[in-house]
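Student: A single structure is presented below for examination.
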Number of protein chains: 4
Amino acid sequence: MLPWSADLAGRLDRHVVDSRVLRGNPLGDPHERPLWVYVPPGYDDEPARRYPAVYVIQGYTGHLAMWDNRTPFRRPFPELADEVFAARRAPAAIVVYVDAWTAYGGSQFLDSPGTGRYHTYLCEEVVAWVDARYRTIPERDARAITGKSSGGYGAMITPMLRPDVFGSLATHAGDALFEAAYLPGFPGLARTLREQYGGSYAAFLADFRGRVAMTRPEDGPLIEAYGYAAAYSADDDGTVRLPFDGNGELVPEVWDRWLARDPVRMAREPGYGEALRSMRAIWIDAGNRDEYYLDLGATAFHEAVLAAGVPAERTRFELFDATHAMIEYRYPLALEWLCHRMSV
Amino acid sequence: MLPWSADLAGRLDRHVVDSRVLRGNPLGDPHERPLWVYVPPGYDDEPARRYPAVYVIQGYTGHLAMWDNRTPFRRPFPELADEVFAARRAPAAIVVYVDAWTAYGGSQFLDSPGTGRYHTYLCEEVVAWVDARYRTIPERDARAITGKSSGGYGAMITPMLRPDVFGSLATHAGDALFEAAYLPGFPGLARTLREQYGGSYAAFLADFRGRVAMTRPEDGPLIEAYGYAAAYSADDDGTVRLPFDGNGELVPEVWDRWLARDPVRMAREPGYGEALRSMRAIWIDAGNRDEYYLDLGATAFHEAVLAAGVPAERTRFELFDATHAMIEYRYPLALEWLCHRMSV
Amino acid sequence: MLPWSADLAGRLDRHVVDSRVLRGNPLGDPHERPLWVYVPPGYDDEPARRYPAVYVIQGYTGHLAMWDNRTPFRRPFPELADEVFAARRAPAAIVVYVDAWTAYGGSQFLDSPGTGRYHTYLCEEVVAWVDARYRTIPERDARAITGKSSGGYGAMITPMLRPDVFGSLATHAGDALFEAAYLPGFPGLARTLREQYGGSYAAFLADFRGRVAMTRPEDGPLIEAYGYAAAYSADDDGTVRLPFDGNGELVPEVWDRWLARDPVRMAREPGYGEALRSMRAIWIDAGNRDEYYLDLGATAFHEAVLAAGVPAERTRFELFDATHAMIEYRYPLALEWLCHRMSV
Amino acid sequence: MLPWSADLAGRLDRHVVDSRVLRGNPLGDPHERPLWVYVPPGYDDEPARRYPAVYVIQGYTGHLAMWDNRTPFRRPFPELADEVFAARRAPAAIVVYVDAWTAYGGSQFLDSPGTGRYHTYLCEEVVAWVDARYRTIPERDARAITGKSSGGYGAMITPMLRPDVFGSLATHAGDALFEAAYLPGFPGLARTLREQYGGSYAAFLADFRGRVAMTRPEDGPLIEAYGYAAAYSADDDGTVRLPFDGNGELVPEVWDRWLARDPVRMAREPGYGEALRSMRAIWIDAGNRDEYYLDLGATAFHEAVLAAGVPAERTRFELFDATHAMIEYRYPLALEWLCHRMSV
């Protein structure tokens, strides 16, 4: 009963996947991963019917169990997604909730010697696992990926890297245009490290792990930037390279590695542009007061998508009145739109 | 497996209570309420043993299911509480998680014609329900109540109102010293109502209910203040009286009704002072950067408690380095302390 | 030449007044005070003509020399005022710039054993001094007073106290509705005193005087609140009584002394209401984002003025889009309006 | 008399210079410029004595008349400077206050087709003018330059560009390390332009000039960034190139022109490094809470200075507890230090 819980019209199966590629990951994070698969109402009644699948990924610091979190006067996304199908607002689909959490708070859904092979885990293991156990339409045109923030980032870059796996995407306030999204935070991090940790990230990490986490205002930004560096600019031996030095000055060779992962820059490369042109549907939105200026990133990515030759009618772009927080009510809109598009 | 979940050493039973006193409540909120009862490790092995009980209540906008919420790099309180007993840091106790949510976000654990009889629900129905079904020590000296924010408020005033029911308490950043905690927010509310709702709270409430809630920065403060008014200053017919007018000017006769519910003022009244003197243990803390100045409220309440004649050795007072948010790591400290005190 | 300076069409005479009533003031502030008198273009050409006079007073921490301050892309008020007359936007008037600075930053234009007799200085000494040396129309109907912030406060209360001296007024974001303007700041002050000065205002004052002032963020609010207390609630022997205690709790008997000086409350008293009804012109405005909620104070004062029986056509009320800062461009509007009204 | 004014022990002469190089400047700003020359106590008594000279320049939006501005509980720098010599805290020197204001708020003390030849004006015209009229020691070793913010920027780059003119420098919170100081602000500017001006800087400039300036919170940042672009990246025909596009994305070829003017980068170039090595004294400081992260810029510049081979004993570096504002009490410290160094 609301507000405490709600019954779903469909069914949410909670599994654990034993990942091969995450075994022995550099951070010692679990290789057994939760995976939730939602089947829409009617799934069990039509045993021959196959369904498109929407893969849902999370923002930084998110892990799968947080989809159960309840916030005041709101409902969790899995319930909102269920309503989309219960109310027949969109053609039925399977919804897959994927976990790519790490001890730094996230993986950016990339393979990295700094964190692990989360991109491969998602594209190879999870997709195959789901296709083997659920009546999906096991084709890229019947697969979409969607997420918010770092999840939006993953939703942008994963189909560019693997257009054979995903044929549609939706990004809500996804990390993009890194000089607007990330760079403005670097000076503050450099200052905090100087004032509180003798300029040493190692000192911060040791402190962070040895006490109650997130008690200091800078904990979040510091661990997050470190996690991004682990994802974007770790050396082959796992050494994490930071894009700024002790004074907050950019380290160009490292910053360039970050920019090579910027969805806006990627979209301009011919290979990735071709991948984008193959997409059936691309949803891009962000709040116009987003603290990380991801409205600018969304706009720039949208422009790059169009410049790559994607027909405007296959895209949906919107800036809405919001900050970066509390925008889960946007996700069902994209889910609905994607399901319609995949069914065309 | 962490971070997604953790096994408990004890057992958490999730019940639903069919409340008689909440039937027909003015807001039409459910009278069937979730109630969680935690029994410590060993409870089932010692069938004759009886335990003290700690009642846990929540802050504003909280409802019972939120105890399951998981936050980055942290663990939910029920797991932390379990650890207290698993690690034998305190004598074993039963922990009861009580829900007093309303459509306004809370009840302040009071009986009010504006919201419902949540005080009676807690003190009469819940306590009796638990005592009837669990091997508690059914005495006030073996009952404590604890909470944070509005839950801390409830933990202060409930034992003052019903010293026959509760003999110990802990308040973390509990609402107190209302001119510091509440009053500074009134001018901003008056301005928001003027600028966005033609000065009308009814217009806000209608708007708030008709759209996705909490999309506007002022949603939280506006609904919260209305809920407090519903708890502190509703007329017998349920009419909610606000303590400020359209210009933000105090309405003294309403504000006085609020002040009559201020734990600091209550503690100074002879009857409530007598109740406080009967307490076995009183824990009071708050973050020294609390946005609602509840460090000031905690200090003032502590001074009033001492002035009422409570021996210092039965109290524990601390200001710690924190804001109002993210302080659930403090709760196990009080839980442990209370369990020791109840066992003396 | 702009931006560095501008020639005036009229003439600004800079005097020093040797005040009798400020001699031996409690703070040891100078009794010799700067006084500027501006005469409009044509004053020297029409030696028989007499002029109405507008008295201009300043906000907290202001002293007379600050009227010369130049800010980026703006011009000082004395130049803007000169333009009103140079452009013949209003009937010619004399403009008198009065200094009521104290070592605390201001006097609220009141007589107080905590600061000195600034009300008497203004109403008795300055007015007489000007009338004796300039060709004013020496009547209350030909005298107006105007100011911003604490100057707006002075412009509200001075004519209520001395309707025989001033017959018109203008207040820009004037201090009013003290529970909205002042009270919300008290908890923060109490906390700062606790955290940084052992809870002692004396410790703050000693520190403040012994180092470069205004280097700490709290310096301004602390000295300002002390100055208000010196103006509103000093005992006969000069002891300054604060309206809140170490916990930020209101001290009712002191707070009541403040409220007795609140223009909103004053305007509701029969005697002051009668004074207001005698006014020829009352201008009230404030920015709708004023940090001290003086838009609420302005609204409440305006309502009280109307409730006192002042005809609406003798008032001018406006909320404009601004904060508390940088609103000197509003002053010429009121100056112009007052000059027209005094000439009717 | 304080707080309104103070008598100087020395003498401040207020001149107007008719500049040849500023005639016909692109913004139509005055070519007649105020210039203040301060001579220390005793100057007129020792007609044969010659003095070193310290040139003082201002931060963005500053113009010469603002040195007269008085702020609460503080004194203007010219009075503080006078005290240095009156109290014989340093060897006597002449202090020259130079104006380089433009209609955009400043010039960065550079020659630019976007604003005018302010670098030449300072190094050629002003220095010669002063040397011709005052008993300076007309040598680079007896000339220092000092300033704050954009004035600190000018104090860093002017001696690097013209080591033949200036032999010592002091920078307080000077613009440096442009990715920390400037770049973080670009996304917000792009957003503001999008939301309020249809993405057009021209639309902003037209609006800004057509109404009371600085009434909108974004006015300052927008005009300031435009002025920097006019100084750093104007084309030969005066066209101002912005370093970011409508989405806040960096325009590398323009941003590189900015970086070429970054004191940190300049200091690393051999030619400028040689200039720095020739300096007798280099003072670098900043507040450790500077909103523009100029503490990071100061640190990076200091490191670059040392890396260029400047002996540590000729430098003075300090981070102090302050923001970017209200730090004029630091200027006399540097003035004193420079005067001692120039006299060695």
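Residue numbering restarts at 1 in every chain; chains get A, B, ... in the order shown in the structure tokens, and ligands count up from 1 in that same order.
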Compile the contact shell of range 21-34 of chain A as number ranges by chain: residues with an atom at most 7 Å away, counting only C-alpha atoms, same-chain residues fewer than 2 positions apart removed.
Tutor: A: 15-19, 36, 64, 99, 102-103, 113-117, 121
Student: Next, write the just-selected residues to a file, as a PDB file, in the first residue's frame, keeping N, CA and C atoms as the atom set.
Tutor:
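Heads up, here's the output in part_23.pdb:
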```pdb
ATOM      1  N   HIS A  15      17.574 -11.414  -9.608  1.00  0.00           N
ATOM      2  CA  HIS A  15      18.564 -12.459  -9.810  1.00  0.00           C
ATOM      3  C   HIS A  15      19.923 -12.022  -9.296  1.00  0.00           C
ATOM      4  N   VAL A  16      20.808 -12.998  -9.238  1.00  0.00           N
ATOM      5  CA  VAL A  16      22.227 -12.701  -9.047  1.00  0.00           C
ATOM      6  C   VAL A  16      22.986 -13.368 -10.191  1.00  0.00           C
ATOM      7  N   VAL A  17      23.836 -12.576 -10.842  1.00  0.00           N
ATOM      8  CA  VAL A  17      24.617 -13.088 -11.964  1.00  0.00           C
ATOM      9  C   VAL A  17      26.051 -13.302 -11.499  1.00  0.00           C
ATOM     10  N   ASP A  18      26.570 -14.452 -11.810  1.00  0.00           N
ATOM     11  CA  ASP A  18      27.979 -14.713 -11.484  1.00  0.00           C
ATOM     12  C   ASP A  18      28.802 -14.330 -12.708  1.00  0.00           C
ATOM     13  N   SER A  19      29.428 -13.170 -12.635  1.00  0.00           N
ATOM     14  CA  SER A  19      30.129 -12.640 -13.805  1.00  0.00           C
ATOM     15  C   SER A  19      31.517 -13.251 -13.930  1.00  0.00           C
ATOM     16  N   TRP A  36      18.099  -7.296 -12.053  1.00  0.00           N
ATOM     17  CA  TRP A  36      16.646  -7.393 -11.971  1.00  0.00           C
ATOM     18  C   TRP A  36      16.079  -7.408 -13.375  1.00  0.00           C
ATOM     19  N   LEU A  64      22.243  -1.328  -7.495  1.00  0.00           N
ATOM     20  CA  LEU A  64      20.928  -1.801  -7.895  1.00  0.00           C
ATOM     21  C   LEU A  64      19.875  -1.676  -6.807  1.00  0.00           C
ATOM     22  N   ASP A  99      23.491  -3.625 -12.717  1.00  0.00           N
ATOM     23  CA  ASP A  99      24.349  -3.033 -11.682  1.00  0.00           C
ATOM     24  C   ASP A  99      25.792  -2.949 -12.179  1.00  0.00           C
ATOM     25  N   THR A 102      30.962   0.189  -8.282  1.00  0.00           N
ATOM     26  CA  THR A 102      32.300  -0.181  -7.819  1.00  0.00           C
ATOM     27  C   THR A 102      32.550   0.482  -6.465  1.00  0.00           C
ATOM     28  N   ALA A 103      33.656   0.133  -5.893  1.00  0.00           N
ATOM     29  CA  ALA A 103      34.007   0.717  -4.598  1.00  0.00           C
ATOM     30  C   ALA A 103      34.241   2.223  -4.677  1.00  0.00           C
ATOM     31  N   PRO A 113      41.309  -0.678 -16.679  1.00  0.00           N
ATOM     32  CA  PRO A 113      42.222  -1.342 -15.747  1.00  0.00           C
ATOM     33  C   PRO A 113      42.148  -0.741 -14.346  1.00  0.00           C
ATOM     34  N   GLY A 114      41.442   0.376 -14.214  1.00  0.00           N
ATOM     35  CA  GLY A 114      41.321   0.989 -12.898  1.00  0.00           C
ATOM     36  C   GLY A 114      40.152   0.460 -12.089  1.00  0.00           C
ATOM     37  N   THR A 115      39.176  -0.130 -12.759  1.00  0.00           N
ATOM     38  CA  THR A 115      37.972  -0.545 -12.040  1.00  0.00           C
ATOM     39  C   THR A 115      37.526  -1.961 -12.407  1.00  0.00           C
ATOM     40  N   GLY A 116      37.524  -2.257 -13.684  1.00  0.00           N
ATOM     41  CA  GLY A 116      37.038  -3.562 -14.115  1.00  0.00           C
ATOM     42  C   GLY A 116      36.394  -3.459 -15.485  1.00  0.00           C
ATOM     43  N   ARG A 117      35.888  -4.562 -15.963  1.00  0.00           N
ATOM     44  CA  ARG A 117      35.379  -4.620 -17.334  1.00  0.00           C
ATOM     45  C   ARG A 117      33.857  -4.539 -17.347  1.00  0.00           C
ATOM     46  N   TYR A 121      30.974  -6.610 -19.312  1.00  0.00           N
ATOM     47  CA  TYR A 121      29.976  -7.263 -18.473  1.00  0.00           C
ATOM     48  C   TYR A 121      28.567  -6.958 -18.976  1.00  0.00           C
TER      49      TYR A 121
END
```
Student: Within 10 Å of chain C, which residues of chain D come that close, and what is the closest atom pair and distance in Å for each? Count only C-alpha atoms and give it as CSV.
Tutor:
```
residue,atom,partner,partner_atom,distance
D:Met1,CA,C:Pro30,CA,8.5
D:Leu2,CA,C:Pro30,CA,8.7
D:Pro3,CA,C:His63,CA,7.6
D:Trp4,CA,C:Ala65,CA,5.2
D:Ser5,CA,C:Ala65,CA,7.5
D:Asp29,CA,C:Leu2,CA,9.7
D:Pro30,CA,C:Met1,CA,8.5
D:Glu32,CA,C:Met1,CA,9.0
D:Arg33,CA,C:Trp4,CA,9.2
D:Pro34,CA,C:Trp4,CA,8.0
D:Tyr60,CA,C:Pro72,CA,9.2
D:Thr61,CA,C:Pro72,CA,5.6
D:Gly62,CA,C:Pro72,CA,7.0
D:His63,CA,C:Trp4,CA,6.9
D:Leu64,CA,C:Trp4,CA,6.8
D:Ala65,CA,C:Trp4,CA,5.2
D:Met66,CA,C:Arg70,CA,5.8
D:Trp67,CA,C:Asn69,CA,9.1
D:Asp68,CA,C:Asn69,CA,7.0
D:Asn69,CA,C:Asn69,CA,4.6
D:Arg70,CA,C:Met66,CA,5.8
D:Thr71,CA,C:Met66,CA,7.5
D:Pro72,CA,C:Thr61,CA,5.6
D:Phe73,CA,C:Ala213,CA,6.0
D:Arg74,CA,C:Ala213,CA,6.9
D:Asp99,CA,C:Trp4,CA,9.9
D:Trp101,CA,C:Pro3,CA,8.9
D:Thr102,CA,C:Pro3,CA,9.5
D:Ala103,CA,C:Phe73,CA,8.4
D:Tyr104,CA,C:Phe73,CA,9.1
D:Gly105,CA,C:Pro72,CA,7.4
D:Phe208,CA,C:Phe73,CA,9.9
D:Arg209,CA,C:Phe73,CA,9.5
D:Val212,CA,C:Tyr329,CA,7.6
D:Ala213,CA,C:Phe73,CA,6.1
D:Met214,CA,C:Phe73,CA,7.4
D:Thr215,CA,C:Ala322,CA,7.0
D:Arg216,CA,C:Ala322,CA,8.0
D:Pro217,CA,C:Ala322,CA,9.3
D:Gly220,CA,C:Pro72,CA,9.2
D:Asp321,CA,C:Thr215,CA,8.5
D:Ala322,CA,C:Thr215,CA,7.0
D:Thr323,CA,C:Thr215,CA,9.0
D:Ala325,CA,C:Thr215,CA,9.3
D:Met326,CA,C:Thr215,CA,7.3
D:Ile327,CA,C:Thr215,CA,8.1
D:Tyr329,CA,C:Val212,CA,7.5
```
Student: Would you output that residue set with N, CA and C atoms, as a compact mmCIF listing (two decimals), in the first residue's frame?
Tutor:
```
# COMPACT_ATOMS: atom_id res chain seq x y z
N MET D 1 38.38 64.10 9.42
CA MET D 1 38.23 63.27 10.62
C MET D 1 37.63 61.91 10.25
N LEU D 2 38.16 60.89 10.89
CA LEU D 2 37.61 59.56 10.64
C LEU D 2 36.23 59.45 11.24
N PRO D 3 35.36 58.65 10.67
CA PRO D 3 35.57 57.77 9.52
C PRO D 3 35.42 58.45 8.17
N TRP D 4 35.12 59.78 8.19
CA TRP D 4 34.75 60.42 6.93
C TRP D 4 35.94 60.73 6.04
N SER D 5 37.06 61.03 6.65
CA SER D 5 38.24 61.40 5.88
C SER D 5 39.44 61.35 6.80
N ASP D 29 36.49 55.50 -25.38
CA ASP D 29 36.69 55.93 -23.99
C ASP D 29 37.58 57.17 -23.95
N PRO D 30 37.49 57.91 -22.86
CA PRO D 30 38.26 59.16 -22.77
C PRO D 30 39.77 58.92 -22.93
N GLU D 32 41.68 61.45 -22.05
CA GLU D 32 42.16 62.20 -20.89
C GLU D 32 41.91 61.34 -19.67
N ARG D 33 42.97 61.09 -18.93
CA ARG D 33 42.88 60.12 -17.85
C ARG D 33 43.34 60.72 -16.53
N PRO D 34 42.62 60.39 -15.50
CA PRO D 34 43.11 60.83 -14.19
C PRO D 34 44.38 60.05 -13.83
N TYR D 60 39.32 44.57 -11.98
CA TYR D 60 38.31 44.76 -13.01
C TYR D 60 37.14 45.58 -12.49
N THR D 61 36.63 46.44 -13.34
CA THR D 61 35.58 47.44 -13.09
C THR D 61 36.09 48.62 -12.27
N GLY D 62 37.33 48.55 -11.85
CA GLY D 62 37.86 49.65 -11.08
C GLY D 62 38.26 50.83 -11.96
N HIS D 63 38.03 52.04 -11.45
CA HIS D 63 38.60 53.22 -12.08
C HIS D 63 39.17 54.10 -10.97
N LEU D 64 39.96 55.08 -11.36
CA LEU D 64 40.79 55.74 -10.38
C LEU D 64 40.02 56.33 -9.21
N ALA D 65 38.85 56.91 -9.51
CA ALA D 65 38.10 57.59 -8.44
C ALA D 65 37.68 56.62 -7.34
N MET D 66 37.67 55.35 -7.64
CA MET D 66 37.23 54.38 -6.62
C MET D 66 38.24 54.23 -5.49
N TRP D 67 39.46 54.69 -5.69
CA TRP D 67 40.41 54.68 -4.57
C TRP D 67 39.94 55.56 -3.43
N ASP D 68 39.02 56.49 -3.74
CA ASP D 68 38.45 57.33 -2.68
C ASP D 68 37.31 56.66 -1.93
N ASN D 69 36.80 55.57 -2.49
CA ASN D 69 35.65 54.92 -1.84
C ASN D 69 35.99 54.52 -0.41
N ARG D 70 35.03 54.72 0.46
CA ARG D 70 35.20 54.35 1.87
C ARG D 70 34.26 53.19 2.19
N THR D 71 34.76 52.21 2.88
CA THR D 71 33.94 51.05 3.24
C THR D 71 33.84 50.95 4.75
N PRO D 72 32.80 50.27 5.23
CA PRO D 72 32.55 50.27 6.67
C PRO D 72 33.74 49.73 7.49
N PHE D 73 34.11 50.47 8.46
CA PHE D 73 35.14 50.04 9.43
C PHE D 73 36.50 49.84 8.78
N ARG D 74 36.70 50.39 7.61
CA ARG D 74 37.97 50.29 6.91
C ARG D 74 38.41 51.67 6.45
N ASP D 99 45.11 54.83 -14.05
CA ASP D 99 43.77 54.42 -14.48
C ASP D 99 43.84 53.73 -15.84
N TRP D 101 40.81 52.05 -16.97
CA TRP D 101 39.41 51.66 -17.11
C TRP D 101 38.98 51.72 -18.58
N THR D 102 38.01 50.88 -18.93
CA THR D 102 37.36 50.98 -20.24
C THR D 102 35.85 50.81 -20.05
N ALA D 103 35.14 50.99 -21.12
CA ALA D 103 33.68 50.85 -21.05
C ALA D 103 33.26 49.43 -20.73
N TYR D 104 34.14 48.45 -20.93
CA TYR D 104 33.84 47.08 -20.51
C TYR D 104 34.20 46.85 -19.05
N GLY D 105 34.84 47.80 -18.44
CA GLY D 105 35.22 47.66 -17.04
C GLY D 105 36.71 47.52 -16.84
N PHE D 208 22.29 45.60 -21.73
CA PHE D 208 23.09 46.11 -20.62
C PHE D 208 23.27 47.62 -20.74
N ARG D 209 23.51 48.08 -21.94
CA ARG D 209 23.75 49.51 -22.15
C ARG D 209 22.46 50.32 -22.10
N VAL D 212 19.51 50.41 -16.44
CA VAL D 212 20.40 50.55 -15.30
C VAL D 212 21.28 49.29 -15.24
N ALA D 213 22.57 49.48 -15.28
CA ALA D 213 23.49 48.35 -15.30
C ALA D 213 23.56 47.68 -13.94
N MET D 214 23.91 46.41 -13.95
CA MET D 214 24.17 45.64 -12.73
C MET D 214 22.91 45.39 -11.91
N THR D 215 21.76 45.44 -12.55
CA THR D 215 20.54 45.09 -11.82
C THR D 215 20.26 43.60 -11.89
N ARG D 216 20.91 42.91 -12.81
CA ARG D 216 20.71 41.47 -12.91
C ARG D 216 21.95 40.77 -12.38
N PRO D 217 21.78 39.66 -11.70
CA PRO D 217 22.94 38.99 -11.09
C PRO D 217 24.02 38.62 -12.11
N GLY D 220 27.41 41.33 -14.06
CA GLY D 220 28.84 41.41 -13.76
C GLY D 220 29.64 40.34 -14.49
N ASP D 321 43.87 33.84 5.02
CA ASP D 321 42.49 33.43 5.20
C ASP D 321 41.54 34.53 4.73
N ALA D 322 41.05 34.40 3.51
CA ALA D 322 40.16 35.42 2.96
C ALA D 322 39.53 34.91 1.67
N THR D 323 38.50 35.62 1.26
CA THR D 323 37.93 35.41 -0.07
C THR D 323 38.62 36.39 -1.03
N ALA D 325 37.30 39.22 -1.89
CA ALA D 325 36.84 40.58 -1.59
C ALA D 325 37.50 41.14 -0.34
N MET D 326 37.51 42.43 -0.23
CA MET D 326 37.85 43.10 1.02
C MET D 326 39.27 42.76 1.51
N ILE D 327 40.21 42.78 0.60
CA ILE D 327 41.57 42.44 1.03
C ILE D 327 42.54 43.60 0.85
N TYR D 329 43.60 45.51 2.92
CA TYR D 329 44.54 45.61 4.05
C TYR D 329 45.83 44.84 3.76
```
Student: Just list the residues in range 136-288 of chain D DSSP gives helix (DSSP H, G or I) on the backbone, as a ChimeraX atom specification.
Tutor: /D:140-142,150-161,178-181,183-197,201-209,219-232,252-259,263-267,270-277
Student: For Leu276 in chain D, please output as an MDAnalysis selection string all residues within 8 Å (counting only C-alpha atoms; exclusion window: fewer than 6 positions along the same chain).
Tutor: chainID D and resid 159:160 163 267 305 308 310
Student: Write out, as an mmCIF file, in the first residue's frame, the residues just selected, with N, CA, C and O atoms.
Tutor:
```cif
data_model
loop_
_atom_site.group_PDB
_atom_site.id
_atom_site.type_symbol
_atom_site.label_atom_id
_atom_site.label_comp_id
_atom_site.auth_asym_id
_atom_site.auth_seq_id
_atom_site.Cartn_x
_atom_site.Cartn_y
_atom_site.Cartn_z
ATOM 1 N N PRO D 159 55.744 43.563 -16.002
ATOM 2 C CA PRO D 159 57.208 43.435 -15.898
ATOM 3 C C PRO D 159 57.773 42.301 -16.762
ATOM 4 O O PRO D 159 58.939 42.368 -17.163
ATOM 5 N N MET D 160 56.963 41.274 -17.041
ATOM 6 C CA MET D 160 57.465 40.244 -17.959
ATOM 7 C C MET D 160 57.580 40.809 -19.364
ATOM 8 O O MET D 160 58.528 40.500 -20.088
ATOM 9 N N PRO D 163 60.549 44.307 -18.808
ATOM 10 C CA PRO D 163 61.482 44.307 -17.661
ATOM 11 C C PRO D 163 62.394 45.529 -17.673
ATOM 12 O O PRO D 163 63.038 45.825 -16.668
ATOM 13 N N ALA D 267 55.239 32.711 -17.690
ATOM 14 C CA ALA D 267 56.433 32.606 -16.843
ATOM 15 C C ALA D 267 57.319 31.426 -17.252
ATOM 16 O O ALA D 267 58.507 31.385 -16.917
ATOM 17 N N VAL D 305 57.624 30.902 -11.207
ATOM 18 C CA VAL D 305 58.669 31.904 -10.956
ATOM 19 C C VAL D 305 59.941 31.224 -10.434
ATOM 20 O O VAL D 305 61.057 31.491 -10.907
ATOM 21 N N ALA D 308 61.599 29.254 -13.038
ATOM 22 C CA ALA D 308 62.308 30.094 -14.004
ATOM 23 C C ALA D 308 63.689 30.491 -13.499
ATOM 24 O O ALA D 308 64.479 31.088 -14.235
ATOM 25 N N VAL D 310 64.231 32.201 -10.420
ATOM 26 C CA VAL D 310 64.260 33.330 -9.489
ATOM 27 C C VAL D 310 64.641 32.797 -8.102
ATOM 28 O O VAL D 310 64.025 31.837 -7.624
#
```
Student: With only C-alpha atoms as the counted atoms, please give the residues lying no more than 9 Å from Pro78 in chain B, apart from itself and same-chain residues fewer than 5 positions off, as a ChimeraX atom specification.
Tutor: /B:8,12,38,67-68,83,95
Student: Write down as a list in words the residues belonging to range 77-238 of chain A that are assigned strand (DSSP E or B) by DSSP computed on the backbone.
Tutor: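 Filtering range 77-238 of chain A down to strand (DSSP E or B) leaves Ile94, Val95, Val96, Tyr97, Val98, Asp111, Ser112, Gly116, Arg117, Thr136, Arg143, Ala144, Ile145, Thr146, Gly147, Lys148, Ser168, Leu169, Ala170, Thr171, His172 and Ala234 of chain A.
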Student: Please compute the CA of Phe109 in chain A-CA of Thr146 in chain A distance, one decimal, in Å.
Tutor: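 Answer for the CA of Phe109 in chain A to CA of Thr146 in chain A separation: 12.1 Å.
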Student: With distances taken over only C-alpha atoms, which of B:Phe85, B:Tyr201, B:Tyr153, B:Phe166 is nearest to Cys123 in chain B?
Tutor: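 Closest to Cys123 in chain B, using only C-alpha atoms: B:Phe166.
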